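File shown: entry.cif. Contents: mmCIF, C-alpha atoms and all ligand atoms.
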```
data_structure
#
loop_
_atom_site.label_atom_id
_atom_site.label_comp_id
_atom_site.auth_asym_id
_atom_site.auth_seq_id
_atom_site.Cartn_x
_atom_site.Cartn_y
_atom_site.Cartn_z
CA MET Q 284 227.25 -84.95 29.47
CA ARG Q 285 229.01 -82.05 27.74
CA ALA Q 286 226.93 -78.92 27.19
CA VAL Q 287 227.70 -75.35 26.17
CA THR Q 288 226.45 -73.08 28.92
CA ILE Q 289 226.47 -69.49 30.12
CA ASP Q 290 226.05 -68.62 33.79
CA ASP Q 291 225.10 -64.98 33.23
CA PHE Q 292 224.18 -62.57 30.44
CA GLY Q 293 227.26 -61.54 28.50
CA ALA Q 294 229.31 -64.57 29.69
CA THR Q 295 231.49 -66.50 27.24
CA PRO Q 296 229.82 -69.80 26.25
CA THR Q 297 231.81 -72.61 27.88
CA VAL Q 298 231.70 -76.40 27.66
CA THR Q 299 230.68 -77.79 31.05
CA GLU Q 300 229.79 -81.21 32.44
CA THR Q 301 226.10 -81.31 33.30
CA ALA Q 302 223.70 -84.08 34.29
CA LYS Q 303 222.23 -86.09 31.42
CA PRO Q 304 218.50 -85.20 31.41
CA GLU Q 305 215.70 -87.76 31.54
CA PRO Q 306 212.51 -87.63 29.47
CA GLY Q 307 209.23 -87.18 31.36
CA PRO Q 308 205.79 -88.23 30.08
CA GLY Q 309 205.32 -87.10 26.47
CA GLU Q 310 209.03 -86.23 26.11
CA ILE Q 311 211.96 -87.55 24.09
CA LEU Q 312 215.64 -87.67 24.99
CA VAL Q 313 217.58 -86.88 21.81
CA ARG Q 314 221.26 -87.73 21.32
CA VAL Q 315 222.26 -84.57 19.46
CA ARG Q 316 224.59 -84.97 16.47
CA ALA Q 317 224.37 -81.51 14.91
CA SER Q 318 222.99 -78.04 15.47
CA SER Q 319 223.61 -74.53 14.13
CA LEU Q 320 223.78 -70.92 15.19
CA ASN Q 321 220.74 -68.67 15.07
CA GLY Q 322 220.22 -65.04 15.99
CA PHE Q 323 218.27 -66.32 19.00
CA ASP Q 324 221.46 -67.80 20.52
CA GLY Q 325 223.30 -64.48 20.39
CA ALA Q 326 220.21 -62.74 21.76
CA VAL Q 327 220.16 -65.16 24.74
CA ILE Q 328 223.85 -64.55 25.46
CA TYR Q 329 223.40 -60.78 25.46
CA GLY Q 330 220.10 -60.78 27.37
CA VAL Q 331 218.04 -59.29 24.53
CA PHE Q 332 214.94 -61.22 25.63
CA LYS Q 333 215.49 -60.95 29.39
CA ASP Q 334 212.34 -58.86 29.94
CA MET Q 335 210.23 -60.97 27.56
CA LEU Q 336 211.15 -64.58 28.40
CA GLU Q 337 211.96 -66.35 31.66
CA HIS Q 338 215.66 -67.36 31.83
CA LYS Q 339 217.09 -69.90 34.27
CA PHE Q 340 220.90 -70.09 34.71
CA PRO Q 341 223.01 -71.93 33.88
CA ILE Q 342 221.56 -71.81 30.37
CA THR Q 343 222.51 -74.42 27.78
CA LEU Q 344 222.47 -72.58 24.44
CA GLY Q 345 221.09 -73.88 21.14
CA LYS Q 346 217.73 -74.05 19.34
CA ASP Q 347 218.27 -76.42 16.39
CA PHE Q 348 218.90 -80.14 16.81
CA ALA Q 349 219.38 -83.21 14.68
CA GLY Q 350 220.16 -86.64 16.07
CA THR Q 351 218.63 -89.89 17.23
CA VAL Q 352 216.04 -90.83 19.82
CA GLU Q 353 217.93 -92.13 22.88
CA ALA Q 354 214.95 -92.75 25.18
CA VAL Q 355 211.29 -91.81 25.42
CA GLY Q 356 208.93 -90.96 28.25
CA GLU Q 357 205.51 -92.45 28.88
CA GLY Q 358 203.06 -92.07 25.99
CA VAL Q 359 205.65 -91.50 23.24
CA ALA Q 360 205.48 -93.93 20.31
CA ARG Q 361 208.93 -93.19 18.82
CA ALA Q 362 211.57 -95.94 18.88
CA ALA Q 363 215.12 -95.63 20.21
CA GLY Q 364 217.51 -94.95 17.33
CA GLU Q 365 214.92 -93.09 15.19
CA ARG Q 366 216.44 -90.14 13.33
CA VAL Q 367 214.80 -86.84 14.27
CA PHE Q 368 215.39 -83.10 13.95
CA GLY Q 369 213.73 -79.87 14.93
CA VAL Q 370 213.79 -76.85 17.22
CA VAL Q 371 213.92 -76.75 21.03
CA MET Q 372 210.70 -74.98 22.05
CA LYS Q 373 210.52 -74.44 25.81
CA PRO Q 374 208.70 -71.74 27.78
CA VAL Q 375 211.79 -71.10 29.94
CA VAL Q 376 215.19 -70.39 28.35
CA CYS Q 377 217.38 -73.00 30.09
CA GLU Q 378 217.90 -76.28 28.25
CA GLY Q 379 219.19 -76.05 24.68
CA SER Q 380 220.69 -78.24 22.00
CA PHE Q 381 224.40 -77.32 22.15
CA ALA Q 382 224.85 -80.47 24.21
CA GLU Q 383 225.25 -84.21 23.82
CA TYR Q 384 221.62 -84.72 24.83
CA VAL Q 385 218.48 -82.62 24.96
CA VAL Q 386 214.94 -83.42 26.12
CA VAL Q 387 212.18 -82.13 23.85
CA ALA Q 388 208.42 -82.57 23.81
CA ASP Q 389 206.97 -84.95 21.25
CA GLY Q 390 204.44 -83.55 18.78
CA TYR Q 391 205.77 -80.00 18.35
CA GLY Q 392 209.19 -78.79 17.19
CA ILE Q 393 210.24 -82.28 16.10
CA ALA Q 394 209.91 -84.43 12.97
CA ALA Q 395 211.32 -87.64 11.57
CA LEU Q 396 214.50 -87.15 9.55
CA PRO Q 397 214.63 -88.89 6.16
CA GLU Q 398 217.74 -91.01 5.46
CA ALA Q 399 218.54 -88.78 2.47
CA VAL Q 400 219.20 -85.79 4.75
CA ASP Q 401 222.34 -85.93 6.90
CA PHE Q 402 222.59 -84.68 10.47
CA ALA Q 403 224.70 -81.64 9.51
CA GLN Q 404 222.06 -80.48 7.01
CA ALA Q 405 219.16 -81.14 9.39
CA GLY Q 406 220.94 -79.35 12.24
CA ALA Q 407 220.95 -76.21 10.10
CA LEU Q 408 217.35 -76.48 8.99
CA GLY Q 409 214.96 -76.09 11.93
CA LEU Q 410 214.56 -72.48 13.04
CA ALA Q 411 215.92 -70.70 9.96
CA GLY Q 412 214.05 -73.00 7.57
CA THR Q 413 210.80 -72.62 9.47
CA ALA Q 414 211.14 -68.84 9.56
CA ALA Q 415 211.75 -68.85 5.79
CA VAL Q 416 208.68 -71.02 5.12
CA ASP Q 417 206.56 -68.78 7.33
CA VAL Q 418 207.65 -65.49 5.71
CA ILE Q 419 207.18 -66.83 2.19
CA ASP Q 420 203.78 -68.33 3.09
CA ALA Q 421 202.80 -64.93 4.57
CA ILE Q 422 203.56 -62.96 1.39
CA ALA Q 423 202.50 -65.82 -0.92
CA PRO Q 424 204.31 -64.69 -4.09
CA LYS Q 425 202.94 -65.85 -7.42
CA ALA Q 426 204.54 -66.43 -10.82
CA GLY Q 427 205.11 -63.07 -12.49
CA GLU Q 428 205.47 -61.21 -9.20
CA THR Q 429 208.66 -59.81 -7.64
CA VAL Q 430 210.12 -60.68 -4.20
CA LEU Q 431 212.76 -58.49 -2.56
CA VAL Q 432 214.65 -60.47 0.12
CA SER Q 433 216.59 -58.24 2.53
CA GLY Q 434 219.14 -60.43 4.31
CA ALA Q 435 219.25 -62.99 1.50
CA THR Q 436 222.81 -64.06 2.35
CA GLY Q 437 221.96 -65.21 5.88
CA GLY Q 438 220.54 -68.41 7.31
CA VAL Q 439 216.87 -67.51 6.89
CA GLY Q 440 217.49 -65.56 3.69
CA ALA Q 441 219.22 -68.43 1.87
CA TYR Q 442 216.15 -70.62 2.42
CA ALA Q 443 213.71 -67.77 1.66
CA VAL Q 444 215.37 -67.05 -1.71
CA GLN Q 445 214.97 -70.69 -2.74
CA LEU Q 446 211.35 -70.90 -1.59
CA ALA Q 447 210.49 -67.62 -3.32
CA GLN Q 448 212.17 -68.68 -6.56
CA ALA Q 449 210.27 -71.96 -6.51
CA THR Q 450 206.95 -70.06 -6.69
CA GLY Q 451 207.90 -68.74 -10.13
CA ALA Q 452 208.32 -65.19 -8.85
CA THR Q 453 211.36 -63.06 -9.74
CA VAL Q 454 213.70 -62.74 -6.75
CA LEU Q 455 215.76 -59.62 -5.96
CA ALA Q 456 218.31 -60.53 -3.28
CA THR Q 457 220.52 -58.28 -1.16
CA ALA Q 458 224.22 -59.17 -1.21
CA LYS Q 459 227.60 -57.52 -1.44
CA PRO Q 460 229.33 -57.86 -4.82
CA GLY Q 461 231.58 -60.89 -5.33
CA GLU Q 462 231.19 -64.11 -3.34
CA GLU Q 463 227.92 -63.04 -1.68
CA ALA Q 464 226.34 -62.06 -5.01
CA ASP Q 465 227.42 -65.37 -6.57
CA PHE Q 466 225.95 -67.19 -3.57
CA VAL Q 467 222.44 -65.71 -3.90
CA ARG Q 468 222.45 -66.14 -7.68
CA GLY Q 469 223.28 -69.80 -7.09
CA LEU Q 470 220.16 -70.06 -4.92
CA GLY Q 471 217.95 -68.70 -7.70
CA ALA Q 472 218.00 -64.92 -7.33
CA ALA Q 473 217.43 -63.23 -10.70
CA HIS Q 474 218.79 -59.87 -9.50
CA VAL Q 475 221.32 -58.88 -6.85
CA VAL Q 476 221.11 -55.53 -5.07
CA ASP Q 477 224.05 -54.30 -2.97
CA TYR Q 478 222.74 -53.10 0.39
CA THR Q 479 225.97 -51.19 1.04
CA GLY Q 480 225.07 -48.92 -1.91
CA ASP Q 481 221.84 -47.07 -2.79
CA LEU Q 482 219.36 -49.91 -2.32
CA THR Q 483 216.33 -47.86 -3.32
CA ALA Q 484 217.86 -46.74 -6.63
CA GLN Q 485 218.96 -50.30 -7.48
CA VAL Q 486 215.53 -51.80 -6.75
CA ARG Q 487 213.70 -49.02 -8.64
CA ALA Q 488 215.95 -49.61 -11.66
CA ILE Q 489 214.73 -53.24 -11.74
CA ALA Q 490 211.11 -52.63 -10.64
CA PRO Q 491 210.20 -48.98 -11.42
CA GLU Q 492 206.65 -49.35 -10.03
CA GLY Q 493 207.96 -51.12 -6.92
CA VAL Q 494 208.21 -54.79 -5.98
CA THR Q 495 204.99 -56.68 -5.24
CA THR Q 496 206.36 -58.51 -2.18
CA ALA Q 497 209.29 -58.22 0.24
CA VAL Q 498 210.92 -60.15 3.09
CA HIS Q 499 212.47 -58.19 5.96
CA LEU Q 500 215.21 -60.16 7.76
CA VAL Q 501 217.61 -57.26 8.28
CA GLY Q 502 217.84 -53.55 7.48
CA ASP Q 503 215.31 -50.71 7.61
CA PRO Q 504 211.75 -52.08 7.22
CA LEU Q 505 210.31 -48.71 6.21
CA GLN Q 506 212.79 -48.46 3.34
CA LEU Q 507 211.51 -51.85 2.17
CA ALA Q 508 207.89 -50.81 2.72
CA ASP Q 509 208.49 -47.77 0.50
CA LEU Q 510 209.86 -50.04 -2.23
CA LEU Q 511 206.55 -51.94 -2.44
CA ALA Q 512 204.05 -51.24 -5.20
CA PRO Q 513 200.57 -50.21 -3.96
CA GLY Q 514 198.84 -53.28 -2.49
CA GLY Q 515 202.21 -54.98 -1.90
CA ARG Q 516 202.91 -57.51 0.89
CA ILE Q 517 205.84 -57.64 3.29
CA ALA Q 518 206.71 -60.14 6.05
CA SER Q 519 209.27 -59.51 8.81
CA THR Q 520 211.06 -61.73 11.33
CA LEU Q 521 212.12 -58.66 13.29
CA GLY Q 522 208.82 -57.49 14.76
CA PHE Q 523 207.90 -55.02 12.01
CA GLY Q 524 204.10 -55.12 12.09
CA PRO Q 525 201.07 -53.45 10.49
CA GLU Q 526 200.92 -50.59 13.04
CA ALA Q 527 204.43 -49.43 12.07
CA ALA Q 528 203.51 -49.14 8.39
CA GLY Q 529 201.33 -46.06 8.91
CA ASP Q 530 198.83 -45.37 6.13
CA ARG Q 531 200.82 -47.13 3.38
CA ASP Q 532 198.65 -49.26 1.08
CA ILE Q 533 200.45 -52.50 1.93
CA THR Q 534 199.90 -55.69 3.95
CA VAL Q 535 202.44 -56.30 6.72
CA THR Q 536 202.89 -59.60 8.58
CA SER Q 537 205.13 -59.97 11.62
CA VAL Q 538 206.29 -63.59 11.73
CA MET Q 539 207.25 -65.75 14.69
CA ALA Q 540 208.70 -68.98 13.33
CA ASN Q 541 206.32 -71.88 14.06
CA PRO Q 542 208.23 -75.17 13.79
CA ASP Q 543 205.26 -77.49 13.67
CA THR Q 544 205.79 -81.00 12.42
CA ALA Q 545 204.19 -80.32 9.03
CA THR Q 546 206.59 -77.43 8.32
CA LEU Q 547 209.64 -79.42 9.45
CA GLU Q 548 208.56 -82.37 7.27
CA ARG Q 549 208.10 -80.01 4.32
CA LEU Q 550 211.64 -78.68 4.77
CA ALA Q 551 213.23 -82.11 5.18
CA GLY Q 552 211.30 -83.33 2.14
CA ALA Q 553 212.59 -80.44 0.04
CA VAL Q 554 216.20 -81.17 1.08
CA ALA Q 555 215.70 -84.89 0.47
CA ASP Q 556 214.34 -84.37 -3.06
CA GLY Q 557 217.03 -81.82 -3.91
CA THR Q 558 214.75 -78.80 -4.29
CA MET Q 559 216.28 -77.07 -1.24
CA LYS Q 560 220.00 -76.60 -0.60
CA VAL Q 561 221.43 -76.30 2.90
CA SER Q 562 224.41 -73.94 2.77
CA LEU Q 563 226.85 -74.43 5.63
CA ALA Q 564 229.53 -71.73 5.52
CA GLN Q 565 231.53 -73.26 8.40
CA THR Q 566 231.05 -75.94 11.04
CA PHE Q 567 232.51 -75.79 14.56
CA PRO Q 568 232.74 -78.53 17.19
CA LEU Q 569 230.88 -78.17 20.48
CA ASP Q 570 233.97 -76.91 22.32
CA ALA Q 571 234.35 -74.02 19.84
CA VAL Q 572 230.84 -72.56 20.14
CA ASP Q 573 232.31 -69.25 21.36
CA ARG Q 574 234.19 -68.95 18.04
CA ALA Q 575 231.04 -69.95 16.15
CA VAL Q 576 229.13 -67.13 17.88
CA GLY Q 577 231.87 -64.70 16.83
CA ALA Q 578 231.76 -65.92 13.23
CA PHE Q 579 227.96 -65.58 13.18
CA GLY Q 580 228.15 -62.02 14.48
CA ALA Q 581 230.73 -61.11 11.84
CA GLY Q 582 228.25 -61.87 9.05
CA THR Q 583 227.57 -65.20 7.39
CA VAL Q 584 226.86 -66.62 3.98
CA GLY Q 585 224.28 -69.27 4.80
CA LYS Q 586 224.45 -71.14 8.11
CA ILE Q 587 227.13 -71.85 10.70
CA GLY Q 588 226.92 -75.45 11.88
CA ILE Q 589 227.78 -77.08 15.21
CA SER Q 590 228.85 -80.71 15.25
CA VAL Q 591 228.38 -82.85 18.37
CA ASP Q 592 230.53 -85.98 18.52
N1 LIG Q 601 210.91 -64.06 14.42
C1 LIG Q 601 211.45 -65.27 14.36
O1 LIG Q 601 210.83 -66.27 14.70
C2 LIG Q 601 212.86 -65.42 13.82
C3 LIG Q 601 213.33 -66.67 13.40
C4 LIG Q 601 214.60 -66.77 12.85
C5 LIG Q 601 215.40 -65.62 12.74
N2 LIG Q 601 214.92 -64.44 13.20
C6 LIG Q 601 215.73 -63.21 13.06
O2 LIG Q 601 215.81 -62.95 11.66
C7 LIG Q 601 217.06 -62.30 11.39
C8 LIG Q 601 217.77 -63.05 10.28
O3 LIG Q 601 218.19 -64.31 10.80
P1 LIG Q 601 219.38 -65.11 10.16
O4 LIG Q 601 219.55 -66.34 10.97
O5 LIG Q 601 219.15 -65.23 8.72
O6 LIG Q 601 220.61 -64.11 10.43
P2 LIG Q 601 222.01 -64.07 9.70
O7 LIG Q 601 222.37 -65.45 9.28
O8 LIG Q 601 222.92 -63.28 10.57
O9 LIG Q 601 221.71 -63.26 8.34
C9 LIG Q 601 221.74 -61.90 8.20
C10 LIG Q 601 222.42 -61.62 6.85
O10 LIG Q 601 222.17 -60.28 6.46
C11 LIG Q 601 223.38 -59.68 5.97
N3 LIG Q 601 223.23 -58.27 6.23
C12 LIG Q 601 223.73 -57.52 7.25
N4 LIG Q 601 223.26 -56.26 7.18
C13 LIG Q 601 222.44 -56.19 6.08
C14 LIG Q 601 221.64 -55.17 5.49
N5 LIG Q 601 221.59 -53.93 5.99
N6 LIG Q 601 220.91 -55.48 4.40
C15 LIG Q 601 220.93 -56.71 3.87
N7 LIG Q 601 221.67 -57.73 4.39
C16 LIG Q 601 222.42 -57.47 5.48
C17 LIG Q 601 224.49 -60.41 6.73
O11 LIG Q 601 225.66 -60.57 5.96
P3 LIG Q 601 226.88 -59.58 5.88
O12 LIG Q 601 226.88 -58.75 7.13
O13 LIG Q 601 228.07 -60.45 5.76
O14 LIG Q 601 226.59 -58.86 4.61
C18 LIG Q 601 223.90 -61.81 6.90
O15 LIG Q 601 224.28 -62.64 5.79
C19 LIG Q 601 217.84 -62.29 12.71
O16 LIG Q 601 217.71 -61.02 13.33
C20 LIG Q 601 217.16 -63.35 13.54
O17 LIG Q 601 217.28 -63.13 14.93
C21 LIG Q 601 213.69 -64.31 13.75
#
```
Could you take the file, read its structure, and then write that structure out as structure tokens?
Ligand SMILES: NC(=O)c1ccc[n+]([C@@H]2O[C@H](COP(=O)([O-])OP(=O)(O)OC[C@H]3O[C@@H](n4cnc5c(N)ncnc54)[C@H](OP(=O)(O)O)[C@@H]3O)[C@@H](O)[C@H]2O)c1
Amino acid sequence: MRAVTIDDFGATPTVTETAKPEPGPGEILVRVRASSLNGFDGAVIYGVFKDMLEHKFPITLGKDFAGTVEAVGEGVARAAGERVFGVVMKPVVCEGSFAEYVVVADGYGIAALPEAVDFAQAGALGLAGTAAVDVIDAIAPKAGETVLVSGATGGVGAYAVQLAQATGATVLATAKPGEEADFVRGLGAAHVVDYTGDLTAQVRAIAPEGVTTAVHLVGDPLQLADLLAPGGRIASTLGFGPEAAGDRDITVTSVMANPDTATLERLAGAVADGTMKVSLAQTFPLDAVDRAVGAFGAGTVGKIGISVD
């Protein structure tokens, strides 16, 4: 099968022929139809997690998947042809979803895909969508509150803005003027703040006492922490935790995305009923993953998709 692999840290992702994997007990072989880029993929290429996670070369890149069940191992009740999507969750970084097939465990990191959601949308939903659900659940905004989303234009941010807006809270989203600002307004942001200017002054002009909640996906977390009103809540996907907040009167949650089936079903349901938009800025075929990685690193508006024919 074709798979996008690297044989060392820093290597250019290349399409190679590898053996089609087989599902063991409790596992599912998925015929992948779509995926998308996440920060994790770039981090794997550049060895960011090499001291934290076990890596086994050659590594097939890719976390998100959407496709159909090709075969199942012993004890799995899913039928061949069933539409599924999710996130590859393996203890060793080795087998990913930028490939024609991937083996995943049943029961975690996988959910049924409703007919109303296409593969391209579902391939862009798993990790970023789950991270967005988890950060918004952590800060639990309420109607009448304010939510500052730093990184609102990105994959996680685009979902987080929509989830925050749906709570009835007022969303302040970071974006550059022009296309990016229009993009976050279209997702439901009431205010746009330009992070290339004086972010603090812009946020204080909208919320003089500070915002009640914030989401940290990019930028300086302490700047965001200082923009919270007393008693405010902030959640981060970048490891900013309570100990780093010092004696500020705020609640800090460091989030690791948890793609359990219930969260994946919630996301797919929201896309199916039209309450959540999937924004694909560009889509690249499997043999252009290296260009997709470059486009992701250059800054995205929404997600960058990968199609697998
Ligand atoms: N902990 C977890 O489980 C978990 C899960 C998912 C993601 N993550 C991490 O969360 C982060 C966000 O992920 P993502 O997929 O959304 O990344 P992304 O798609 O690259 O989004 C980042 C966005 O932020 C914008 N940006 C750059 N600098 C900024 C700044 N100083 N202030 C505000 N916005 C800025 C970028 O656009 P421009 O540069 O074009 O303006 C881009 O649109 C990544 O670091 C990722 O690795 C962690």
Minimum-distance residue to Leu446 (chain Q), chosen among Q:Arg285, Q:Ile517, Q:Val538, Q:Met559 (using all atoms listed in the file): Q:Met559
Nearest-residue call for ligand LIG 601 (chain Q), choices Q:Leu569, Q:Ala553, Q:Ile422, Q:Ala411, using all atoms listed in the file: Q:Ala411
All residues having an atom within 6 Å of ligand LIG 601 (chain Q) (all atoms listed in the file) as a PyMOL selection string: chain Q and resi 321-323+410-411+414+433-434+436-440+457+478+500-502+520-521+538-540+582-584
For Asp503 (chain Q), the nearest of the candidates Q:Ala528, Q:Ile419, Q:Ala571, Q:Ala490, counting all atoms listed in the file: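 So, comparing all the options, the nearest one is Q:Ala528.
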Which of Q:Thr301, Q:Thr453, Q:Thr546, Q:Thr295 sits closest to Ala395 (chain Q) [using all atoms listed in the file]: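 When distances to Ala395 (chain Q) are compared using all atoms listed in the file, the smallest one comes from Q:Thr546.
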Residue nearest Ala317 (chain Q) among Q:Ala403, Q:Ala449, Q:Leu344, Q:Val467 (counting only C-alpha atoms): Q:Ala403
